[in-house]
Amino acid sequence: MKIKEKIKIQKKLNNSKTNKFLSRLTKSLQNFCPIDKLLYYSFQQKEDIFRLEYPSVNILEKDETIFEEIFIDEPSDIFTIVYHKRKRAIIKKSNSNIFINLLFQNPEVSSILVYPIVADNQVIGIILLTFPKTHKLNLKTLNTISLLMEQTATIFYSIELKKQLNIAKEKSSSLLINLLPSNIAHELEENGFVEPVEYGSLSILFTDFVGFSKITENLTPEELVNMLDGYFFYFDDIIKNYNIERLKTIGDSYMCVGGIVDKDPKIHAIKTCLAALEFCNFTKMMMDVTKLQHESLTWDIRVGINTGPAIAGVIGKTKFAFDIWGNSVNVASRMETGSKPGKVNISASTYNLVKDYFETEHRGSIEVKHEQKFEMYFLHRLKKEYSDQDGVFPNENLLKILNLFNDGEE
């Protein structure tokens with residue numbers, strides 16, 4: 001047997017369903033045969049190595065238990081033989097296995113029964129029973145033990161299945177939370193569907209890379225995807241800090257929305273504007289770096305923001321997507337197309353909420369659908385009293401104000 005770690009002492013594991021069942025199994029066995037100890041090895045596969053452990057038994061000291069890792073690719077040890085043959089084995093003297101030797105150090109132990117726990121045609125563990133010299137194993141005892149071991153395998157398998165189901169559920173929950181806002185994900189998990197919600201105010205942000213089609217002509221598919229992924233990965237980090245939800249990316253366009261978490265219009269409008277400034281700041285930084293190597297591959301960005309009412313909901317049955325609808329979305333999109341390279345263009349509704357905190361520039365009006373005209377403003381930077389770093393990042397004064405708004409004060 002190849003031993004990765006001969007002995008590893010660790011604190012005893014907390015009681016689990018497995019341990020409680022093993023305790024009841026020991027008492028049942030002791031009703032008809034005087035077993036000394038019942039020890040359990042659970043297999044945890046790691047490549048070709050299985051971790052054998054005593055989660056419910058103390059061999060050395062009361063608060064300690066023993067762990068070992070062994071290779072099972074060749075049946076060279078009692079455990080690997082039992083594993084491969086899936087048959088019980090009776091041991092009557094010490095052998096090469098370190099745990100068997102430890103058990104035989106007790107002079108009262110006369111024999112050890114090693115029994116594979118097989119479920120769904122897989123060995124999920126091994127149980128060891130030690131017998132005192134006062135008892136001799138016979139066929140009747142072995143047959144009774146075999147019946148109990150079959151029941152044990154069924155119970156252990158159901159415990160393992162439930163454990164795997166819980167793991168799968170946790171992974172599913174994690175995936176949903178990555179795809180959807182947390183409150184929407186929880187509603188979908190609990191009810192199996194999400195009721196559409198009409199929001200009185202959301203701050204909707206669109207971005208677009210300038211001259212993207214021309215840029216792609218000079219990039220391989222791999223370079224294109226890697227660059228987009230790099231930008232969008234960073235954008236995701238930015239909006240996470242401001243409680244903003246990413247809705248989707250379409251080609252080189254990135255869409256996100258504030259107001260799903262922060263209900264106060266002024267809060268989510270300010271935070272969405274802060275995220276927009278950080279988008280532009282990061283893009284400018286990347287342009288400065290890229291120019292040193294590829295003058296023709298520099299990416300610039302346009303950003304547009306509008307604040308207004310919208311309907312939000314989840315669409316899809318197998319592939320879920322959280323999205324929003326309404327004229328406010330159309331206006332936000334037009335704010336982006338009406339912007340300029342490296343600039344953030346905001347609507348009048350957003351401007352009225354954030355004008356006390358940012359330096360802006362009135363630009364006139366832009367026509368949206370149905371011949372509606374909307375006023376536009378460039379969002380240049382934070383006012384000096386609210387930023388210590390080039391007007392992009394909020395200082396303590398603004399952070400304090402945002403916290404007061406969160407408490408319902410102004």
# chains A, B, ... in the order shown; residues from 1 in each chain; ligands from 1
call {"tool": "closest_atom_pairs", "arguments": {"of": "range 258-286 of chain A", "to": "range 193-213 of chain A", "cutoff": "8 Å", "atoms": "only C-alpha atoms", "output": "Markdown table"}}
result
| residue | atom | partner | partner_atom | distance |
| --- | --- | --- | --- | --- |
| A:Gly258 | CA | A:Ser203 | CA | 4.9 |
| A:Gly259 | CA | A:Leu202 | CA | 4.8 |
| A:Ile260 | CA | A:Leu202 | CA | 7.3 |
| A:Lys263 | CA | A:Ser201 | CA | 7.9 |
| A:Pro265 | CA | A:Ser201 | CA | 6.0 |
| A:His268 | CA | A:Ser203 | CA | 6.4 |
| A:Ala269 | CA | A:Ser203 | CA | 5.6 |
| A:Thr272 | CA | A:Ser203 | CA | 6.6 |
| A:Ala276 | CA | A:Leu205 | CA | 7.8 |
call {"tool": "residues_around", "arguments": {"residues": "Asn306 in chain A", "least_positions_apart": "4", "cutoff": "7 Å", "atoms": "only C-alpha atoms", "output": "list of chain:residue names"}}
result
A:Ser203, A:Ile204, A:Leu205, A:Ser328, A:Val331, A:Ala332, A:Ile346, A:Ser347, A:Ser349, A:Thr350
call {"tool": "residues_around", "arguments": {"residues": "Leu379 in chain A", "least_positions_apart": "2", "cutoff": "9 Å", "atoms": "only C-alpha atoms", "output": "ChimeraX atom specification"}}
result
/A:273,277,343-346,351,358-361,377,381-382
call {"tool": "write_last_selection", "arguments": {"atoms": "C-alpha atoms", "output": "mmCIF file, in the first residue's frame"}}
result
data_model
loop_
_atom_site.group_PDB
_atom_site.id
_atom_site.type_symbol
_atom_site.label_atom_id
_atom_site.label_comp_id
_atom_site.auth_asym_id
_atom_site.auth_seq_id
_atom_site.Cartn_x
_atom_site.Cartn_y
_atom_site.Cartn_z
ATOM 1 C CA CYS A 273 -23.635 58.413 -12.031
ATOM 2 C CA LEU A 277 -17.654 58.118 -14.083
ATOM 3 C CA LYS A 343 -18.480 61.373 -21.900
ATOM 4 C CA VAL A 344 -21.476 60.581 -19.673
ATOM 5 C CA ASN A 345 -24.771 61.946 -21.004
ATOM 6 C CA ILE A 346 -27.701 62.151 -18.571
ATOM 7 C CA TYR A 351 -29.913 65.733 -13.662
ATOM 8 C CA PHE A 358 -21.890 66.859 -9.847
ATOM 9 C CA GLU A 359 -20.545 69.401 -12.298
ATOM 10 C CA THR A 360 -22.758 69.251 -15.400
ATOM 11 C CA GLU A 361 -23.232 70.973 -18.748
ATOM 12 C CA TYR A 377 -26.637 67.145 -19.781
ATOM 13 C CA ARG A 381 -17.277 65.123 -12.530
ATOM 14 C CA LEU A 382 -18.140 65.295 -8.851
#
call {"tool": "atom_distance", "arguments": {"atom1": "CA of Tyr357 in chain A", "atom2": "CA of Ser333 in chain A"}}
result
23.5 Å
call {"tool": "atom_distance", "arguments": {"atom1": "CA of Val261 in chain A", "atom2": "CA of Leu247 in chain A"}}
result
13.8 Å
call {"tool": "closest_residue", "arguments": {"among": "A:Val109, A:Leu148, A:Leu102, A:Leu38", "to": "Leu128 in chain A", "atoms": "only C-alpha atoms"}}
result
A:Leu38
call {"tool": "closest_residue", "arguments": {"among": "A:His362, A:Phe378, A:Ile311, A:Ile81", "to": "Met335 in chain A", "atoms": "only C-alpha atoms"}}
result
A:Phe378
